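See structure below.
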Amino acid sequence: MSEKDANPSAKDALVGGSLFGRWEKLRGREGTVVGITAVLVAVFPYLFARAPVVSGILQGYQSLATLILIWGIFAIGFDLLLGYTGLLSFGHAAFWGGAAYAAGIVAKNVSGDPIVMVVSGTLFAVLLAWVLGFLSLRRGGIYFSILTLAFAQMFYYMAASPLAFLTNGENGLTGVEVGSFLGVIHLEADVPSVGGMLLGTWLYAFVGVFFVGAIAVAYRILNSPYGMVFRAIRENEQRAEFVGLNVWRYKLMAFIISGAFAGVAGSLFTIHGAYVPLQSLFWTESGDIVVMTVLGGAGSMFGPVLGVGLYLYIENIVSTIQALTIPFTDIVLIRDFGFYWHLLLGLVFVVVVWVVPEGLWGILDRLRTLAADLGSKAAKRLRARSGNGGDGR
């Protein structure tokens with residue numbers, strides 16, 4: 001290759017390295033994070049449920065895409081408590097289910113406006129989180145976790161019997177009628193034009209706005225002095241106390257904020273299904289959100305959302321597979337394969353936690369770091385080659 005041919009490629013390498021460096025600077029900005037999130041939310045239901053090839057492979061559907069975003073909001077809030085503050089709660093079903101019931105009861109007796117339902121459910125969850133946090137945070141470690149579990153189970157059994165006149169007991173809250181958004185838009189209707197191809201229904205768009213808002217709020221919190229204190233408490237609670245921080249107050253605030261996210265998600269869950277099952281208050285809901293968060297990667301912004309997506313995909317799609325066959329053949333490997341979805345999920349969880357403790361997001365982060373290192377080395381080699389070429393002239 002001649003020197004004339006070498007110089008343009010060197011310039012391209014320098015430009016590429018410069019662009020990569022600019023991206024590294026931009027990727028951590030709030031506007032970039034929120035903007036990319038909005039774009040991904042917009043294209044997700046199309047790729048998952050309607051794209052010609054991809055949707056056929058994934059076998060996704062619109063309702064599941066909406067449900068993933070709802071649980072994603074729940075997981076983002078829970079990760080603020082577990083991943084960033086270091087507090088493991090086994091009682092978040094109380095906020096998720098409590099907000100769902102509050103939104104449903106308000107819809108049946110006051111107003112079915114979606115905004116009213118979300119606000120009422122979130123307020124209930126915030127007040128409940130303040131009370132339970134005030135009581136539970138008097139103890140730490142495993143004792144805190146057990147206390148949250150005990151309080152959540154108390155609410156489950158109260159909803160099952162003493163408060164059955166409000167909750168409809170074991171049958172769940174039925175007859176929830178969700179009204180039109182702003183009195184004009186029916187959430188079950190399709191979005192017109194190109195928006196309908198991408199988003200599908202107004203319900204998904206409504207939930208998507210709250211999801212993007214949840215990302216923005218969580219990002220702002222984590223990059224504020226509050227977020228720095230949360231991380232300090234997670235790393236060393238005693239040292240945080242020694243520098244004069246009121247650790248208990250910050251932990252209570254983290255608990256309340258996490259409960260608020262769960263309240264928003266629980267309210268949206270009622271809007272999505274127009275029904276509140278008693279199961280939404282059971283301890284297994286708290287266990288599910290713990291598994292989702294750890295599977296995706298606790299202590300990362302988007303990791304828990306990946307965990308939610310994988311968990312719900314296995315639960316709702318893989319569980320429907322009647323027989324596992326060798327691709328492009330009729331040879332059956334496992335009959336009633338979907339029946340064993342719990343076992344499959346457990347195996348995936350064990351492998352991920354064992355191989356990559358940082359979760360699914362940790363895998364992506366390692367790949368990004370590897371690509372950055374390779375790109376940096378390639379750029380240095382090309383710069384050196386360009387410098388040698390210049391000296392030769």
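By order of appearance in the structure tokens: chains A, B, ..., then residues from 1 within every chain, and ligands from 1 in the order shown.
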Discussion item. DSSP on the backbone: which residues in region 84-285 of chain A end up as alpha helix (DSSP H)? Give the answer as number ranges by chain.
Written reply: A: 93-109, 114-136, 141-160, 164-167, 193-199, 202-222, 225-235, 237-242, 247-273, 283-285
Got a sec: who's within 10 Å of region 225-235 of chain A, counting only C-alpha atoms, leaving out chain neighbours fewer than 4 positions off, as a PDB file with C-alpha atoms, in the first residue's frame?
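See selection_11.pdb below for the written result:
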```pdb
ATOM      1  CA  LEU A  80     -32.532   1.880  44.319  1.00  0.00           C
ATOM      2  CA  LEU A  81     -33.010   0.111  47.639  1.00  0.00           C
ATOM      3  CA  LEU A  82     -31.133  -3.161  47.044  1.00  0.00           C
ATOM      4  CA  GLY A  83     -28.462  -2.311  44.492  1.00  0.00           C
ATOM      5  CA  TYR A  84     -27.602   1.233  45.535  1.00  0.00           C
ATOM      6  CA  THR A  85     -28.437   1.387  49.258  1.00  0.00           C
ATOM      7  CA  GLY A  86     -27.749  -2.239  50.168  1.00  0.00           C
ATOM      8  CA  LEU A  87     -31.094  -2.980  51.827  1.00  0.00           C
ATOM      9  CA  ALA A 218     -33.838   7.411  39.072  1.00  0.00           C
ATOM     10  CA  TYR A 219     -30.926   8.851  37.076  1.00  0.00           C
ATOM     11  CA  ARG A 220     -31.376  12.265  38.697  1.00  0.00           C
ATOM     12  CA  ILE A 221     -31.512  10.744  42.186  1.00  0.00           C
ATOM     13  CA  ARG A 239     -18.124   5.093  58.119  1.00  0.00           C
ATOM     14  CA  ALA A 240     -21.057   7.106  56.750  1.00  0.00           C
ATOM     15  CA  GLU A 241     -22.223   7.672  60.329  1.00  0.00           C
ATOM     16  CA  LEU A 245     -24.583  11.582  58.099  1.00  0.00           C
ATOM     17  CA  ASN A 246     -27.962  10.648  59.544  1.00  0.00           C
ATOM     18  CA  VAL A 247     -27.876   7.156  58.050  1.00  0.00           C
ATOM     19  CA  TRP A 248     -31.281   6.086  59.354  1.00  0.00           C
ATOM     20  CA  TYR A 250     -31.340   8.399  54.373  1.00  0.00           C
ATOM     21  CA  LYS A 251     -32.274   4.715  54.524  1.00  0.00           C
ATOM     22  CA  MET A 253     -35.868   8.036  52.335  1.00  0.00           C
ATOM     23  CA  ALA A 254     -34.501   5.300  50.059  1.00  0.00           C
ATOM     24  CA  GLY A 299     -26.659  -1.692  41.168  1.00  0.00           C
TER      25      GLY A 299
END
```
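Minimum atom-to-atom distance to Gly309 (chain A), evaluated using only C-alpha atoms, belongs to A:Leu69 out of A:Ile142, A:Ala205, A:Val34, A:Leu69.
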Item to complete: For CA of Tyr275 (chain A) and CA of Gly91 (chain A), quote the distance in Å rounded to one decimal.
Response: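 Interatomic distance here is 21.4 Å.
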Discussion item. Please identify the strand (DSSP E or B) residues within region 119-222 of chain A (assignment by DSSP from backbone atoms) and present them as number ranges by chain.
Written reply: A: 173, 181, 185, 190, 201
Worksheet entry | Test item: residues at most 10 Å from Asp288 (chain A), only C-alpha atoms, excluding those fewer than 3 positions along its chain, as a list in words | Ala75, Phe90, Ala93, Trp283, Thr284, Glu285, Val291, Met292, Thr293, Val308 and Tyr311 of chain A
Discussion item. So that I can see what lies close to region 355-362 of chain A, please list as a list in words the residues with an atom at most 8 Å from it, counting only C-alpha atoms and leaving out residues fewer than 6 positions away in the same chain.
Written reply: Val294, Leu295, Gly296, Gly297, Ala298, Ser300, Phe302, Gly303, Leu306 and Gly307 of chain A
Export N, CA and C atoms of the chosen residues as a PDB file, in the first residue's frame?
```pdb
ATOM      1  N   VAL A 294     -31.667  -9.146  40.729  1.00  0.00           N
ATOM      2  CA  VAL A 294     -30.349  -9.786  40.810  1.00  0.00           C
ATOM      3  C   VAL A 294     -29.975 -10.417  39.477  1.00  0.00           C
ATOM      4  N   LEU A 295     -30.950 -11.020  38.791  1.00  0.00           N
ATOM      5  CA  LEU A 295     -30.686 -11.642  37.491  1.00  0.00           C
ATOM      6  C   LEU A 295     -30.203 -10.611  36.483  1.00  0.00           C
ATOM      7  N   GLY A 296     -30.843  -9.455  36.467  1.00  0.00           N
ATOM      8  CA  GLY A 296     -30.453  -8.423  35.509  1.00  0.00           C
ATOM      9  C   GLY A 296     -29.184  -7.701  35.893  1.00  0.00           C
ATOM     10  N   GLY A 297     -28.956  -7.559  37.201  1.00  0.00           N
ATOM     11  CA  GLY A 297     -27.761  -6.862  37.669  1.00  0.00           C
ATOM     12  C   GLY A 297     -28.095  -5.770  38.654  1.00  0.00           C
ATOM     13  N   ALA A 298     -28.032  -6.078  39.943  1.00  0.00           N
ATOM     14  CA  ALA A 298     -28.301  -5.084  40.967  1.00  0.00           C
ATOM     15  C   ALA A 298     -27.212  -4.023  40.946  1.00  0.00           C
ATOM     16  N   SER A 300     -27.260  -1.410  38.828  1.00  0.00           N
ATOM     17  CA  SER A 300     -27.153  -0.841  37.485  1.00  0.00           C
ATOM     18  C   SER A 300     -28.509  -0.275  37.098  1.00  0.00           C
ATOM     19  N   PHE A 302     -30.152  -0.131  34.075  1.00  0.00           N
ATOM     20  CA  PHE A 302     -30.995  -0.894  33.158  1.00  0.00           C
ATOM     21  C   PHE A 302     -30.930  -2.406  33.386  1.00  0.00           C
ATOM     22  N   GLY A 303     -30.006  -2.857  34.210  1.00  0.00           N
ATOM     23  CA  GLY A 303     -29.899  -4.283  34.464  1.00  0.00           C
ATOM     24  C   GLY A 303     -31.178  -4.918  34.965  1.00  0.00           C
ATOM     25  N   LEU A 306     -33.606  -5.657  32.224  1.00  0.00           N
ATOM     26  CA  LEU A 306     -33.265  -6.862  31.461  1.00  0.00           C
ATOM     27  C   LEU A 306     -33.705  -8.111  32.214  1.00  0.00           C
ATOM     28  N   GLY A 307     -33.500  -8.113  33.530  1.00  0.00           N
ATOM     29  CA  GLY A 307     -33.941  -9.247  34.338  1.00  0.00           C
ATOM     30  C   GLY A 307     -35.445  -9.440  34.270  1.00  0.00           C
TER      31      GLY A 307
END
```
Worksheet item: When you draw a straight line from CA of Gly183 (chain A) to CA of Ala103 (chain A), how long is it in Å?
Response: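 Computed distance, CA of Gly183 (chain A) to CA of Ala103 (chain A), equals 17.5 Å.
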Worksheet item: Smallest atom-to-atom distance to Gly346 (chain A): which of A:Glu315, A:Phe95, A:Gln322, A:Ile73, using only C-alpha atoms?
Response: A:Glu315
Worksheet item: Do you know which residues are at most 6 Å from Gln62 (chain A) counting only C-alpha atoms, after dropping those on the same chain fewer than 2 positions away, and could you put them as a ChimeraX atom specification?
Response: /A:49,64-65
Fill in: Gap from CA of Trp354 (chain A) to CA of Leu367 (chain A) - Å, one decimal
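Value for the CA of Trp354 (chain A)-CA of Leu367 (chain A) distance: 17.7 Å.
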Worksheet item: Got a sec: who's within 7 Å of region 41-43 of chain A, counting only C-alpha atoms, leaving out chain neighbours fewer than 4 positions off, as a list of chain:residue names?
Response: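 Neighbouring residues, sequence-local ones excluded: A:Thr37, A:Leu47, A:Leu198, A:Leu199, A:Gly208.
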